[in-house]
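Asker: File name final16.txt; file contents compact mmCIF, C-alpha atoms and all ligand atoms; full text below.
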# COMPACT_ATOMS: atom_id res chain seq x y z
CA MET A 25 22.60 -42.09 31.64
CA LEU A 26 21.99 -39.29 34.18
CA LEU A 27 20.69 -35.82 33.33
CA LYS A 28 24.05 -34.23 34.25
CA ASP A 29 25.87 -36.49 31.74
CA LEU A 30 23.87 -35.06 28.82
CA PRO A 31 25.66 -32.40 26.76
CA ARG A 32 24.48 -28.88 27.60
CA GLU A 33 23.51 -28.17 23.94
CA ALA A 34 21.24 -31.20 23.88
CA LEU A 35 19.30 -29.82 26.87
CA MET A 36 19.08 -26.28 25.57
CA ARG A 37 18.08 -27.04 21.99
CA PRO A 38 14.39 -26.48 21.21
CA LEU A 39 12.33 -29.68 20.84
CA SER A 40 11.34 -30.73 17.38
CA ARG A 41 7.63 -30.99 16.46
CA ASN A 42 7.75 -34.78 16.50
CA GLU A 43 9.33 -34.79 19.94
CA VAL A 44 6.60 -32.50 21.33
CA VAL A 45 3.85 -34.70 19.81
CA GLY A 46 5.54 -37.83 21.17
CA MET A 47 5.84 -36.31 24.61
CA LEU A 48 2.21 -35.19 24.63
CA PHE A 49 1.17 -38.67 23.52
CA ARG A 50 3.20 -40.32 26.29
CA LEU A 51 1.80 -37.87 28.87
CA THR A 52 -1.78 -38.60 27.75
CA VAL A 53 -1.27 -42.37 27.91
CA PHE A 54 0.41 -42.07 31.29
CA GLY A 55 -2.38 -39.81 32.62
CA ALA A 56 -5.11 -42.14 31.37
CA ALA A 57 -3.34 -45.21 32.78
CA THR A 58 -2.95 -43.49 36.17
CA TYR A 59 -6.61 -42.37 36.18
CA TYR A 60 -7.98 -45.83 35.35
CA SER A 61 -5.61 -47.57 37.77
CA ILE A 62 -6.71 -45.32 40.64
CA LYS A 63 -10.37 -45.75 39.62
CA TRP A 64 -9.91 -49.51 39.46
CA VAL A 65 -8.30 -49.61 42.92
CA LEU A 66 -11.04 -47.40 44.41
CA ASP A 67 -13.76 -49.51 42.77
CA ALA A 68 -12.13 -52.68 44.04
CA MET A 69 -12.06 -51.22 47.55
CA ASP A 70 -15.71 -50.06 47.41
CA PRO A 71 -17.97 -53.00 48.32
CA THR A 72 -21.01 -51.32 46.83
CA SER A 73 -19.62 -50.42 43.41
CA LYS A 74 -21.13 -53.43 41.63
CA GLN A 75 -24.50 -52.66 43.12
CA LYS A 76 -24.14 -49.01 42.18
CA ASN A 77 -23.66 -49.96 38.55
CA GLN A 78 -26.51 -52.44 38.56
CA ALA A 79 -28.66 -49.90 40.32
CA LYS A 80 -27.87 -47.21 37.79
CA LYS A 81 -28.80 -49.55 34.94
CA ARG A 82 -32.03 -50.59 36.63
CA ALA A 83 -33.01 -47.02 37.41
CA GLU A 84 -32.43 -46.11 33.76
CA GLN A 85 -34.55 -49.07 32.62
CA GLN A 86 -37.28 -48.12 35.07
CA MET A 87 -37.29 -44.54 33.83
CA LYS A 88 -37.47 -45.74 30.24
CA ARG A 89 -40.34 -48.06 31.08
CA ILE A 90 -42.41 -45.25 32.55
CA GLY A 91 -41.71 -43.16 29.47
CA VAL A 92 -39.21 -40.68 30.89
CA GLU A 93 -36.18 -40.29 28.67
CA GLY A 94 -33.47 -37.71 28.37
CA VAL A 95 -33.82 -36.57 31.99
CA ARG A 96 -30.48 -36.34 33.80
CA LEU A 97 -30.56 -37.69 37.35
CA THR A 98 -28.16 -37.22 40.22
CA GLU A 99 -26.86 -40.24 42.17
CA TYR A 100 -29.44 -39.59 44.86
CA GLU A 101 -32.30 -39.23 42.39
CA MET A 102 -31.23 -42.55 40.86
CA ASN A 103 -31.57 -44.10 44.27
CA ILE A 104 -35.10 -42.80 44.64
CA ALA A 105 -35.94 -43.71 41.02
CA SER A 106 -35.62 -47.34 42.03
CA HIS A 107 -38.89 -46.97 43.93
CA LEU A 108 -40.76 -45.82 40.86
CA VAL A 109 -43.86 -47.67 39.81
CA ASP A 110 -45.20 -47.80 36.30
CA PRO A 111 -48.74 -46.42 36.59
CA GLN A 112 -50.04 -48.18 33.53
CA THR A 113 -48.90 -51.70 34.25
CA MET A 114 -48.62 -50.78 37.94
CA LYS A 115 -45.50 -52.83 38.04
CA VAL A 116 -43.24 -51.97 40.91
CA THR A 117 -39.68 -53.04 40.76
CA VAL A 118 -37.99 -52.49 44.03
CA VAL A 119 -34.46 -52.81 42.86
CA VAL A 120 -31.04 -52.36 44.26
CA VAL A 121 -30.24 -48.80 43.48
CA SER A 122 -29.20 -48.00 46.95
CA LEU A 123 -25.68 -46.76 47.08
CA PHE A 124 -25.36 -48.05 50.59
CA PHE A 125 -24.67 -51.64 51.27
CA ASN A 126 -26.87 -52.27 54.29
CA VAL A 127 -29.93 -50.69 52.72
CA ALA A 128 -29.23 -52.36 49.38
CA GLN A 129 -29.23 -55.73 51.08
CA ARG A 130 -32.76 -55.14 52.28
CA PHE A 131 -34.05 -54.55 48.76
CA ILE A 132 -32.07 -57.29 47.12
CA ASN A 133 -34.67 -60.07 47.15
CA ASN A 134 -37.56 -57.75 46.93
CA PHE A 135 -38.68 -57.89 43.33
CA THR A 136 -42.44 -57.57 43.45
CA PHE A 137 -44.85 -57.13 40.64
CA LEU A 138 -48.18 -55.61 41.38
CA GLN A 139 -51.10 -54.82 39.22
CA VAL A 140 -53.79 -52.83 40.96
CA SER A 141 -56.80 -51.13 39.45
CA TRP A 142 -60.24 -50.17 40.76
CA ARG A 143 -61.52 -53.54 39.63
CA ASP A 144 -59.34 -55.21 42.27
CA ILE A 145 -60.94 -53.27 45.10
CA ALA A 146 -64.36 -54.19 46.43
CA GLY A 147 -66.78 -52.39 48.74
CA LEU A 148 -65.04 -49.01 48.64
CA ASP A 149 -67.08 -47.31 45.91
CA GLU A 150 -67.78 -44.21 47.98
CA VAL A 151 -64.10 -43.58 48.70
CA ILE A 152 -63.23 -44.26 45.08
CA ASN A 153 -65.86 -41.77 43.83
CA GLU A 154 -64.60 -39.10 46.18
CA LEU A 155 -61.00 -39.75 45.15
CA GLN A 156 -62.10 -39.53 41.54
CA ASP A 157 -63.47 -36.01 42.07
CA THR A 158 -60.86 -34.53 44.37
CA VAL A 159 -57.63 -36.16 43.26
CA ILE A 160 -57.89 -37.90 39.93
CA LEU A 161 -59.89 -35.35 37.94
CA PRO A 162 -57.46 -32.47 38.59
CA PHE A 163 -54.62 -34.70 37.33
CA GLN A 164 -56.54 -36.06 34.35
CA LYS A 165 -57.99 -32.73 33.20
CA ARG A 166 -55.02 -30.52 34.02
CA HIS A 167 -54.88 -29.24 30.43
CA LEU A 168 -58.37 -27.70 30.87
CA MET A 169 -57.51 -25.71 33.98
CA ALA A 170 -53.86 -24.96 33.44
CA ASN A 171 -54.29 -21.34 34.62
CA SER A 172 -56.58 -21.99 37.56
CA LYS A 173 -54.96 -21.95 40.98
CA LEU A 174 -58.10 -23.40 42.53
CA PHE A 175 -58.35 -26.43 40.34
CA GLN A 176 -55.16 -28.15 41.35
CA PRO A 177 -54.71 -31.61 42.79
CA PRO A 178 -54.23 -31.37 46.56
CA LYS A 179 -50.58 -31.34 47.62
CA GLY A 180 -51.28 -33.85 50.38
CA VAL A 181 -53.76 -36.69 50.88
CA LEU A 182 -54.02 -38.98 53.91
CA LEU A 183 -55.54 -42.45 53.87
CA PHE A 184 -56.15 -43.75 57.36
CA GLY A 185 -57.79 -46.76 58.92
CA PRO A 186 -57.07 -50.18 60.40
CA PRO A 187 -54.48 -52.49 58.80
CA GLY A 188 -55.37 -54.68 55.84
CA CYS A 189 -58.37 -52.65 54.65
CA GLY A 190 -57.00 -51.56 51.29
CA LYS A 191 -55.12 -48.28 51.83
CA THR A 192 -52.08 -49.34 49.81
CA MET A 193 -54.29 -50.75 47.06
CA ILE A 194 -56.23 -47.48 46.90
CA ALA A 195 -53.02 -45.46 46.61
CA LYS A 196 -51.72 -47.60 43.75
CA ALA A 197 -55.03 -47.63 41.91
CA THR A 198 -55.22 -43.82 42.29
CA ALA A 199 -51.83 -43.43 40.63
CA ARG A 200 -52.88 -45.73 37.85
CA ALA A 201 -56.21 -43.99 37.25
CA SER A 202 -54.68 -40.52 37.31
CA GLY A 203 -51.79 -41.49 35.04
CA CYS A 204 -49.28 -40.30 37.62
CA ARG A 205 -45.87 -41.72 38.22
CA PHE A 206 -45.68 -43.29 41.62
CA ILE A 207 -42.74 -43.17 44.00
CA ASN A 208 -43.28 -45.84 46.62
CA LEU A 209 -41.19 -44.36 49.40
CA GLN A 210 -40.27 -46.49 52.38
CA ALA A 211 -39.35 -44.57 55.48
CA SER A 212 -36.23 -46.72 55.92
CA THR A 213 -34.88 -45.46 52.58
CA LEU A 214 -34.47 -42.03 54.11
CA THR A 215 -34.01 -42.74 57.78
CA ASP A 216 -31.38 -45.46 57.72
CA MET A 217 -28.83 -43.33 55.99
CA TRP A 218 -25.71 -41.85 57.40
CA TYR A 219 -25.84 -38.34 58.70
CA GLY A 220 -26.15 -35.94 55.78
CA GLU A 221 -27.21 -38.63 53.31
CA SER A 222 -30.82 -38.53 54.53
CA GLN A 223 -31.05 -34.90 53.65
CA LYS A 224 -29.63 -35.41 50.18
CA LEU A 225 -32.06 -38.27 49.56
CA THR A 226 -35.00 -36.27 50.89
CA ALA A 227 -34.15 -33.46 48.49
CA ALA A 228 -33.81 -36.05 45.71
CA VAL A 229 -37.36 -37.35 46.35
CA PHE A 230 -38.84 -33.97 45.56
CA SER A 231 -36.48 -33.01 42.74
CA LEU A 232 -37.09 -36.37 41.03
CA ALA A 233 -40.85 -36.03 41.50
CA VAL A 234 -40.79 -32.60 39.85
CA LYS A 235 -38.63 -33.89 36.97
CA ILE A 236 -40.99 -36.75 36.22
CA GLN A 237 -44.31 -35.09 37.13
CA PRO A 238 -47.25 -35.72 37.30
CA CYS A 239 -46.19 -37.77 40.27
CA ILE A 240 -47.52 -39.18 43.53
CA ILE A 241 -45.05 -39.69 46.37
CA PHE A 242 -46.58 -42.47 48.46
CA ILE A 243 -45.45 -43.00 52.06
CA ASP A 244 -46.90 -46.07 53.76
CA GLU A 245 -46.95 -46.02 57.56
CA ILE A 246 -46.28 -42.31 57.48
CA GLU A 247 -46.42 -42.14 61.28
CA SER A 248 -43.19 -44.14 61.53
CA PHE A 249 -41.40 -41.52 59.49
CA LEU A 250 -43.16 -38.25 60.26
CA ARG A 251 -44.40 -38.91 63.77
CA ASN A 252 -45.08 -36.37 66.50
CA ARG A 253 -41.94 -34.35 67.05
CA SER A 254 -40.46 -34.55 70.50
CA SER A 255 -37.44 -33.24 72.32
CA MET A 256 -36.14 -36.83 72.29
CA ASP A 257 -35.78 -36.78 68.48
CA HIS A 258 -32.29 -37.25 67.12
CA GLU A 259 -30.98 -34.01 65.64
CA ALA A 260 -30.67 -35.58 62.17
CA THR A 261 -34.27 -36.87 62.29
CA ALA A 262 -35.61 -33.50 63.34
CA MET A 263 -33.69 -31.78 60.55
CA MET A 264 -34.88 -34.28 57.98
CA LYS A 265 -38.52 -33.79 59.00
CA ALA A 266 -38.16 -30.00 58.83
CA GLN A 267 -36.51 -30.29 55.42
CA PHE A 268 -39.25 -32.65 54.18
CA MET A 269 -41.91 -30.13 55.16
CA SER A 270 -40.11 -27.21 53.60
CA LEU A 271 -39.63 -29.10 50.31
CA TRP A 272 -43.29 -30.08 50.43
CA ASP A 273 -44.28 -26.42 50.87
CA GLY A 274 -42.00 -25.59 47.97
CA LEU A 275 -44.33 -27.52 45.67
CA ASP A 276 -46.83 -24.70 46.11
CA THR A 277 -44.60 -22.08 44.53
CA SER A 278 -45.67 -23.04 41.03
CA SER A 279 -49.30 -23.66 40.14
CA THR A 280 -48.20 -25.96 37.35
CA THR A 281 -46.34 -28.42 39.60
CA GLN A 282 -48.21 -31.72 39.57
CA VAL A 283 -46.74 -33.50 42.57
CA MET A 284 -48.77 -34.89 45.43
CA VAL A 285 -47.72 -36.58 48.68
CA MET A 286 -50.03 -39.41 49.70
CA GLY A 287 -49.63 -40.95 53.12
CA ALA A 288 -51.21 -44.01 54.68
CA THR A 289 -51.40 -44.77 58.37
CA ASN A 290 -53.10 -46.99 60.93
CA ARG A 291 -52.32 -44.48 63.66
CA PRO A 292 -53.23 -40.93 62.53
CA GLN A 293 -52.96 -39.75 66.15
CA ASP A 294 -49.20 -40.41 66.00
CA VAL A 295 -48.61 -38.30 62.89
CA ASP A 296 -47.02 -34.91 63.47
CA PRO A 297 -49.82 -32.25 63.47
CA ALA A 298 -47.72 -30.11 61.13
CA ILE A 299 -47.79 -32.98 58.64
CA LEU A 300 -51.53 -33.51 59.11
CA ARG A 301 -52.08 -29.83 58.29
CA ARG A 302 -50.34 -30.42 54.97
CA MET A 303 -52.77 -33.24 54.17
CA PRO A 304 -56.18 -31.59 54.42
CA THR A 305 -57.77 -34.17 52.12
CA THR A 306 -58.33 -37.28 54.21
CA PHE A 307 -60.05 -40.57 53.49
CA HIS A 308 -61.09 -43.02 56.15
CA ILE A 309 -60.74 -46.61 54.98
CA GLY A 310 -62.45 -48.46 57.79
CA LEU A 311 -63.24 -52.09 58.51
CA PRO A 312 -65.78 -53.34 55.96
CA ASN A 313 -69.44 -53.75 56.97
CA THR A 314 -71.47 -56.88 56.10
CA ARG A 315 -72.32 -55.72 52.58
CA GLN A 316 -68.73 -54.71 51.88
CA ARG A 317 -67.42 -58.01 53.25
CA GLU A 318 -69.75 -59.90 50.93
CA GLU A 319 -68.47 -57.85 47.99
CA ILE A 320 -64.85 -58.45 48.97
CA LEU A 321 -65.47 -62.20 49.33
CA ARG A 322 -67.14 -62.27 45.92
CA LEU A 323 -64.18 -60.47 44.35
CA ILE A 324 -61.57 -62.66 46.03
CA LEU A 325 -63.38 -65.85 44.98
CA ALA A 326 -64.15 -64.69 41.44
CA GLY A 327 -62.68 -67.12 38.95
CA GLU A 328 -62.52 -69.97 41.49
CA ASN A 329 -64.44 -73.16 41.00
CA LEU A 330 -67.25 -72.72 43.57
CA SER A 331 -69.99 -75.12 44.59
CA ASN A 332 -73.53 -73.99 43.74
CA ALA A 333 -74.48 -74.03 47.39
CA ILE A 334 -72.02 -71.30 48.36
CA ASN A 335 -73.62 -68.63 50.52
CA LEU A 336 -71.27 -65.66 50.83
CA LYS A 337 -73.85 -63.63 52.75
CA GLU A 338 -73.65 -66.15 55.59
CA ILE A 339 -69.84 -65.88 55.68
CA ALA A 340 -70.04 -62.06 55.54
CA GLU A 341 -72.43 -62.07 58.49
CA LYS A 342 -70.11 -64.29 60.49
CA THR A 343 -67.00 -62.18 59.91
CA GLU A 344 -67.76 -59.03 61.85
CA GLY A 345 -64.50 -57.11 62.51
CA TYR A 346 -62.56 -58.85 59.71
CA SER A 347 -60.44 -56.76 57.34
CA GLY A 348 -60.14 -57.37 53.59
CA SER A 349 -56.79 -58.96 54.21
CA ASP A 350 -58.32 -61.35 56.82
CA LEU A 351 -61.01 -62.32 54.31
CA ARG A 352 -58.39 -63.11 51.70
CA GLU A 353 -56.55 -65.31 54.18
CA LEU A 354 -59.79 -67.10 55.03
CA CYS A 355 -60.52 -67.79 51.36
CA ARG A 356 -56.96 -68.99 50.81
CA ASP A 357 -57.32 -71.48 53.64
CA ALA A 358 -60.70 -72.64 52.33
CA ALA A 359 -59.26 -73.15 48.86
CA MET A 360 -56.42 -75.20 50.31
CA TYR A 361 -58.76 -77.81 51.86
CA ARG A 362 -59.67 -79.15 48.44
CA VAL A 363 -55.97 -79.41 47.50
CA ARG A 364 -55.35 -81.39 50.67
CA ASP A 365 -58.37 -83.58 49.84
CA TYR A 366 -57.01 -84.15 46.36
CA VAL A 367 -53.56 -85.14 47.63
CA ARG A 368 -55.06 -87.46 50.23
CA LYS A 369 -57.31 -89.10 47.64
CA GLU A 370 -54.32 -89.55 45.38
CA GLN A 371 -52.30 -91.19 48.14
CA MET A 372 -55.20 -93.53 48.99
CA ARG A 373 -55.53 -94.49 45.37
CA GLN A 374 -51.82 -95.28 45.10
CA ILE A 375 -51.92 -97.39 48.28
CA ALA A 376 -54.98 -99.26 47.00
CA GLN A 377 -53.17 -99.89 43.71
CA GLN A 378 -50.06 -101.17 45.46
CA LEU A 379 -52.18 -103.49 47.60
CA GLN A 380 -53.90 -104.87 44.55
CA ASP A 381 -50.59 -104.87 42.70
CA CYS A 382 -52.38 -103.82 39.59
CA GLN A 383 -51.50 -101.62 36.64
CA GLU A 384 -52.47 -97.94 36.73
CA GLU A 385 -56.01 -97.62 35.45
CA GLU A 386 -57.23 -94.82 33.29
CA ARG A 387 -58.93 -92.32 35.60
CA PRO A 388 -62.15 -90.44 34.84
CA VAL A 389 -61.49 -86.81 33.83
CA ASP A 390 -63.29 -85.51 36.93
CA GLU A 391 -60.77 -87.16 39.23
CA GLU A 392 -57.95 -85.21 37.59
CA ARG A 393 -59.50 -81.91 38.69
CA LEU A 394 -59.80 -80.25 42.06
CA ARG A 395 -63.28 -80.37 43.51
CA PRO A 396 -65.14 -77.02 43.86
CA VAL A 397 -64.77 -74.90 47.01
CA THR A 398 -67.75 -75.58 49.26
CA GLN A 399 -69.51 -73.64 52.00
CA LEU A 400 -68.04 -76.11 54.46
CA ASP A 401 -64.51 -75.21 53.34
CA LEU A 402 -65.24 -71.55 54.03
CA LEU A 403 -66.75 -72.36 57.43
CA PHE A 404 -63.71 -74.50 58.31
CA GLY A 405 -61.44 -71.66 57.18
CA LEU A 406 -63.44 -69.30 59.37
CA ASP A 407 -63.11 -71.55 62.43
CA LYS A 408 -59.37 -71.81 61.89
CA MET A 409 -59.06 -68.06 61.55
CA LYS A 410 -61.10 -67.45 64.70
CA GLU A 411 -58.80 -69.83 66.58
CA SER A 412 -55.67 -68.08 65.37
CA LYS A 413 -57.15 -64.65 66.12
CA LYS A 414 -57.99 -65.84 69.63
CA ALA A 415 -54.44 -67.15 70.05
CA THR A 416 -52.86 -63.87 68.92
CA THR A 417 -55.13 -61.83 71.22
CA PHE A 418 -54.10 -64.13 74.05
CA MET A 419 -50.41 -63.91 73.10
CA LEU A 420 -50.30 -60.13 72.68
CA PRO A 421 -49.92 -59.20 76.37
CA ILE A 422 -47.22 -61.88 76.70
CA ILE A 423 -45.36 -60.63 73.63
CA SER A 424 -45.55 -57.01 74.76
CA GLU A 425 -44.06 -57.99 78.11
CA VAL A 426 -41.02 -59.53 76.47
CA ALA A 427 -38.20 -57.00 76.26
CA LEU A 428 -37.24 -56.42 72.64
CA ASP A 429 -33.54 -56.39 73.33
N1 LIG B 501 -61.47 -53.56 49.71
C1 LIG B 501 -60.70 -54.58 49.35
N2 LIG B 501 -60.97 -55.24 48.20
C2 LIG B 501 -60.22 -56.28 47.81
N3 LIG B 501 -59.16 -56.75 48.50
C3 LIG B 501 -58.84 -56.14 49.66
C4 LIG B 501 -59.59 -55.02 50.13
N4 LIG B 501 -59.05 -54.62 51.29
C5 LIG B 501 -58.00 -55.42 51.52
N5 LIG B 501 -57.87 -56.34 50.55
C6 LIG B 501 -56.85 -57.41 50.52
O1 LIG B 501 -55.97 -57.19 51.59
C7 LIG B 501 -54.62 -57.03 51.15
C8 LIG B 501 -53.97 -55.94 51.96
O2 LIG B 501 -54.46 -54.67 51.55
P1 LIG B 501 -53.60 -53.34 51.71
O3 LIG B 501 -52.15 -53.65 51.75
O4 LIG B 501 -54.04 -52.36 50.69
O5 LIG B 501 -54.06 -52.88 53.15
P2 LIG B 501 -53.53 -51.66 54.00
O6 LIG B 501 -54.74 -50.97 54.54
O7 LIG B 501 -52.59 -50.83 53.21
O8 LIG B 501 -52.77 -52.43 55.15
P3 LIG B 501 -51.54 -51.93 56.04
O9 LIG B 501 -52.05 -50.78 56.86
O10 LIG B 501 -51.24 -53.13 56.87
O11 LIG B 501 -50.44 -51.55 55.10
C9 LIG B 501 -54.72 -56.70 49.69
O12 LIG B 501 -53.63 -57.21 48.98
C10 LIG B 501 -56.01 -57.37 49.27
O13 LIG B 501 -55.77 -58.70 48.89
Represent the structure contained in this file as structure tokens.
Answerer:
Amino acid sequence: MLLKDLPREALMRPLSRNEVVGMLFRLTVFGAATYYSIKWVLDAMDPTSKQKNQAKKRAEQQMKRIGVEGVRLTEYEMNIASHLVDPQTMKVTVVVVSLFFNVAQRFINNFTFLQVSWRDIAGLDEVINELQDTVILPFQKRHLMANSKLFQPPKGVLLFGPPGCGKTMIAKATARASGCRFINLQASTLTDMWYGESQKLTAAVFSLAVKIQPCIIFIDEIESFLRNRSSMDHEATAMMKAQFMSLWDGLDTSSTTQVMVMGATNRPQDVDPAILRRMPTTFHIGLPNTRQREEILRLILAGENLSNAINLKEIAEKTEGYSGSDLRELCRDAAMYRVRDYVRKEQMRQIAQQLQDCQEEERPVDEERLRPVTQLDLLFGLDKMKESKKATTFMLPIISEVALD
């Protein structure tokens, strides 16, 4: 029946109460159905929606784990919250909170769990003591000097030195000792974004840090992100750097803000001077000397089954120019020799048994265990490392000549 076929009185008569309620009900159901259908279609078209939801959940879990509850976060802050590290367990969960597919992909398989405290760092007592006085104490004892503008943690700290010498470990242990929350910010999180998104994320870094303070924003390889400005910089990059600095300066407006930016770099000469000015507290984490190398070796090998004839001093003396990370690699190699020996012995035993066609004999308990690491293992590991170092030094000019594209 068409509208014009209805009698005029039927159209003019006022609606009864039940009719109005019925109509409102139908309108509500129709509105809700339309809303959810459109949402469903948009979600189905958005390739990142599943990740967004997972990310949101993970960010919430992460916030709960570090003891922050009831704080409302924006989408961008959620993204940054995924880089939070629990200072007490020092567990970092790099999770997929990124709202952007390409960046999310990079984090997808990157679940890492780290536990770093001062006890895991050897040979850097002087740096640790200095950090204790200048950075950690102001965070730990903030209740004592709440009104003092002088006794505040520095707003910027720079750790610099060659690769593999413990800068990242120091940063994480500092956060743990000071009880700060720790945002482990990778430059790519901010720089790979579409135009405009970088700025929103940069703002989110600081707003999140303030919401969850006390907080350390850690930027590894800071020179890749805040390098010397040049006229060749992309407009978006230049704007993002300027915004980063202005937000950083903004931390100074309140004496009660407990947020610190900590950067680490192997190339301080490449860091923008304006950034260096904002990090007046610097710590040089250099290559370890003989005594420090011996301490690092002792720490790395602690808990391992070592032969009584081990002489770590000899190894420390023979590893001039090695970083802590090199020493760990050397020890790993040395420890592997005994595994290889064990496997070989096992294979020989099986072959011998097959040849004799005899039943498996009961083996003495000692044969079930790995033999201790010996001095010879360490010396073999050292030789191997020297060879590979020589090869990389030889390869470097060749590699640098190869065009990257
Ligand atoms: N002083 C140290 N004590 C114990 N282990 C160390 C020390 N220095 C380095 N290491 C070992 O080397 C590894 C790398 O250290 P870390 O990542 O902190 O170095 P880094 O200076 O930040 O390097 P990069 O500049 O390449 O990021 C550590 O996981 C640790 O095993």
Asker: Find the residue from A:Ser347, A:Ser231, A:Gln282, A:Ser202 that sits nearest to ligand LIG 501 (chain B); use all atoms listed in the file when measuring.
Answerer: A:Ser347
Asker: Please work out which residues fall within 6 Å of (-56.2, -35.3, 48.6), coordinates as given in the file, with all atoms listed in the file counting, and return them as a PDB file with C-alpha atoms, keeping the file's coordinate frame.
Answerer:
ATOM      1  CA  VAL A 159     -57.630 -36.160  43.260  1.00  0.00           C
ATOM      2  CA  PRO A 178     -54.230 -31.370  46.560  1.00  0.00           C
ATOM      3  CA  GLY A 180     -51.280 -33.850  50.380  1.00  0.00           C
ATOM      4  CA  VAL A 181     -53.760 -36.690  50.880  1.00  0.00           C
ATOM      5  CA  THR A 305     -57.770 -34.170  52.120  1.00  0.00           C
TER       6      THR A 305
END
Asker: Could you tell me which of A:Glu99, A:Pro187, A:His308, A:Gly147 comes closest to A:Arg322 if we count all atoms listed in the file?
Answerer: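 Under the stated criterion, the closest residue is A:Gly147.
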Asker: Which neighbours of stretch 359-361 of chain A fall inside 8 Å, counting only C-alpha atoms, when residues of the same chain fewer than 4 positions from it are skipped, and could you give them as JSON, numbers by chain?
Answerer: {"A": [355, 365, 397, 401]}
Asker: Name all residues at most 10 Å from A:Gly91 (count only C-alpha atoms; drop same-chain ones fewer than 5 positions away) and give them as a list of chain:residue names.
Answerer: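 Non-adjacent residues within range: A:Gln85, A:Gln86, A:Asp110, A:Arg205, A:Ile236.
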Asker: Please determine, counting only C-alpha atoms and all ligand atoms, which residue among A:Ile243, A:Ile160, A:Ile104, A:Met372 has the shortest atom-to-atom distance to ligand LIG 501 (chain B).
Answerer: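 The closest residue to ligand LIG 501 (chain B) is A:Ile243.
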Asker: Wanna dump the chain A-ligand LIG 501 (chain B) contacts at 6 Å for me, each residue with its shortest atom pair and the distance in Å to one decimal, counting all atoms listed in the file, ordered by chain and number, as JSON lines?
Answerer:
{"residue": "A:Asp144", "atom": "CA", "partner": "B:LIG501", "partner_atom": "C2", "distance": 5.7}
{"residue": "A:Ile145", "atom": "CA", "partner": "B:LIG501", "partner_atom": "N2", "distance": 3.7}
{"residue": "A:Ala146", "atom": "CA", "partner": "B:LIG501", "partner_atom": "N2", "distance": 4.0}
{"residue": "A:Gly147", "atom": "CA", "partner": "B:LIG501", "partner_atom": "N1", "distance": 5.5}
{"residue": "A:Leu148", "atom": "CA", "partner": "B:LIG501", "partner_atom": "N1", "distance": 5.9}
{"residue": "A:Pro187", "atom": "CA", "partner": "B:LIG501", "partner_atom": "O9", "distance": 3.5}
{"residue": "A:Gly188", "atom": "CA", "partner": "B:LIG501", "partner_atom": "O5", "distance": 3.5}
{"residue": "A:Cys189", "atom": "CA", "partner": "B:LIG501", "partner_atom": "N4", "distance": 4.0}
{"residue": "A:Gly190", "atom": "CA", "partner": "B:LIG501", "partner_atom": "O4", "distance": 3.1}
{"residue": "A:Lys191", "atom": "CA", "partner": "B:LIG501", "partner_atom": "O6", "distance": 3.8}
{"residue": "A:Thr192", "atom": "CA", "partner": "B:LIG501", "partner_atom": "O4", "distance": 3.7}
{"residue": "A:Met193", "atom": "CA", "partner": "B:LIG501", "partner_atom": "O4", "distance": 4.0}
{"residue": "A:Asn290", "atom": "CA", "partner": "B:LIG501", "partner_atom": "O9", "distance": 5.7}
{"residue": "A:Ile320", "atom": "CA", "partner": "B:LIG501", "partner_atom": "N2", "distance": 5.1}
{"residue": "A:Gly348", "atom": "CA", "partner": "B:LIG501", "partner_atom": "C5", "distance": 3.6}
{"residue": "A:Ser349", "atom": "CA", "partner": "B:LIG501", "partner_atom": "O1", "distance": 3.3}
{"residue": "A:Arg352", "atom": "CA", "partner": "B:LIG501", "partner_atom": "O13", "distance": 5.8}
Asker: Pick the closest to A:Leu354 from A:Arg301, A:Lys165, A:Lys81, A:Lys410: which is it, counting all atoms listed in the file?
Answerer: A:Lys410
Asker: So what do you get for atom CA of A:Arg96 versus atom CA of A:Lys224, distance-wise?
Answerer: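 For atom CA of A:Arg96 relative to atom CA of A:Lys224, the distance reads 16.4 Å.
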Asker: With 10 Å as the threshold, what does the neighbourhood of (-30.1, -38.1, 45.1) contain in terms of residues, counting only C-alpha atoms? Coordinates are those of the file; answer as an NGL selection string.
Answerer: :A and (97-105 or 123 or 221-232)
Asker: So how far away is atom CA of A:Arg251 from atom CA of A:Leu155, in Å?
Answerer: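 Rounded to one decimal, the two atoms are 25.0 Å apart.
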Asker: Can you pull out the residues contacting A:Leu108? Cut-off 12 Å, using all atoms listed in the file, and skip same-chain residues under 3 positions away; I want them as a PyMOL selection string.
Answerer: chain A and resi 82-92+101-105+111+114-119+121+196+199+204-210+229+232-233+236-237+239-242
Asker: Using the atoms already present, construct N, CA and C atoms for stretch 148-152 of chain A and hand them back as an mmCIF file, in the coordinates of the input.
Answerer:
data_model
loop_
_atom_site.group_PDB
_atom_site.id
_atom_site.type_symbol
_atom_site.label_atom_id
_atom_site.label_comp_id
_atom_site.auth_asym_id
_atom_site.auth_seq_id
_atom_site.Cartn_x
_atom_site.Cartn_y
_atom_site.Cartn_z
ATOM 1 N N LEU A 148 -65.517 -50.358 48.279
ATOM 2 C CA LEU A 148 -65.040 -49.010 48.640
ATOM 3 C C LEU A 148 -65.455 -47.978 47.587
ATOM 4 N N ASP A 149 -66.637 -48.189 47.005
ATOM 5 C CA ASP A 149 -67.080 -47.310 45.910
ATOM 6 C C ASP A 149 -67.154 -45.846 46.312
ATOM 7 N N GLU A 150 -67.624 -45.610 47.554
ATOM 8 C CA GLU A 150 -67.780 -44.210 47.980
ATOM 9 C C GLU A 150 -66.429 -43.495 48.020
ATOM 10 N N VAL A 151 -65.454 -44.178 48.621
ATOM 11 C CA VAL A 151 -64.100 -43.580 48.700
ATOM 12 C C VAL A 151 -63.559 -43.359 47.295
ATOM 13 N N ILE A 152 -63.767 -44.353 46.451
ATOM 14 C CA ILE A 152 -63.230 -44.260 45.080
ATOM 15 C C ILE A 152 -63.865 -43.073 44.336
#
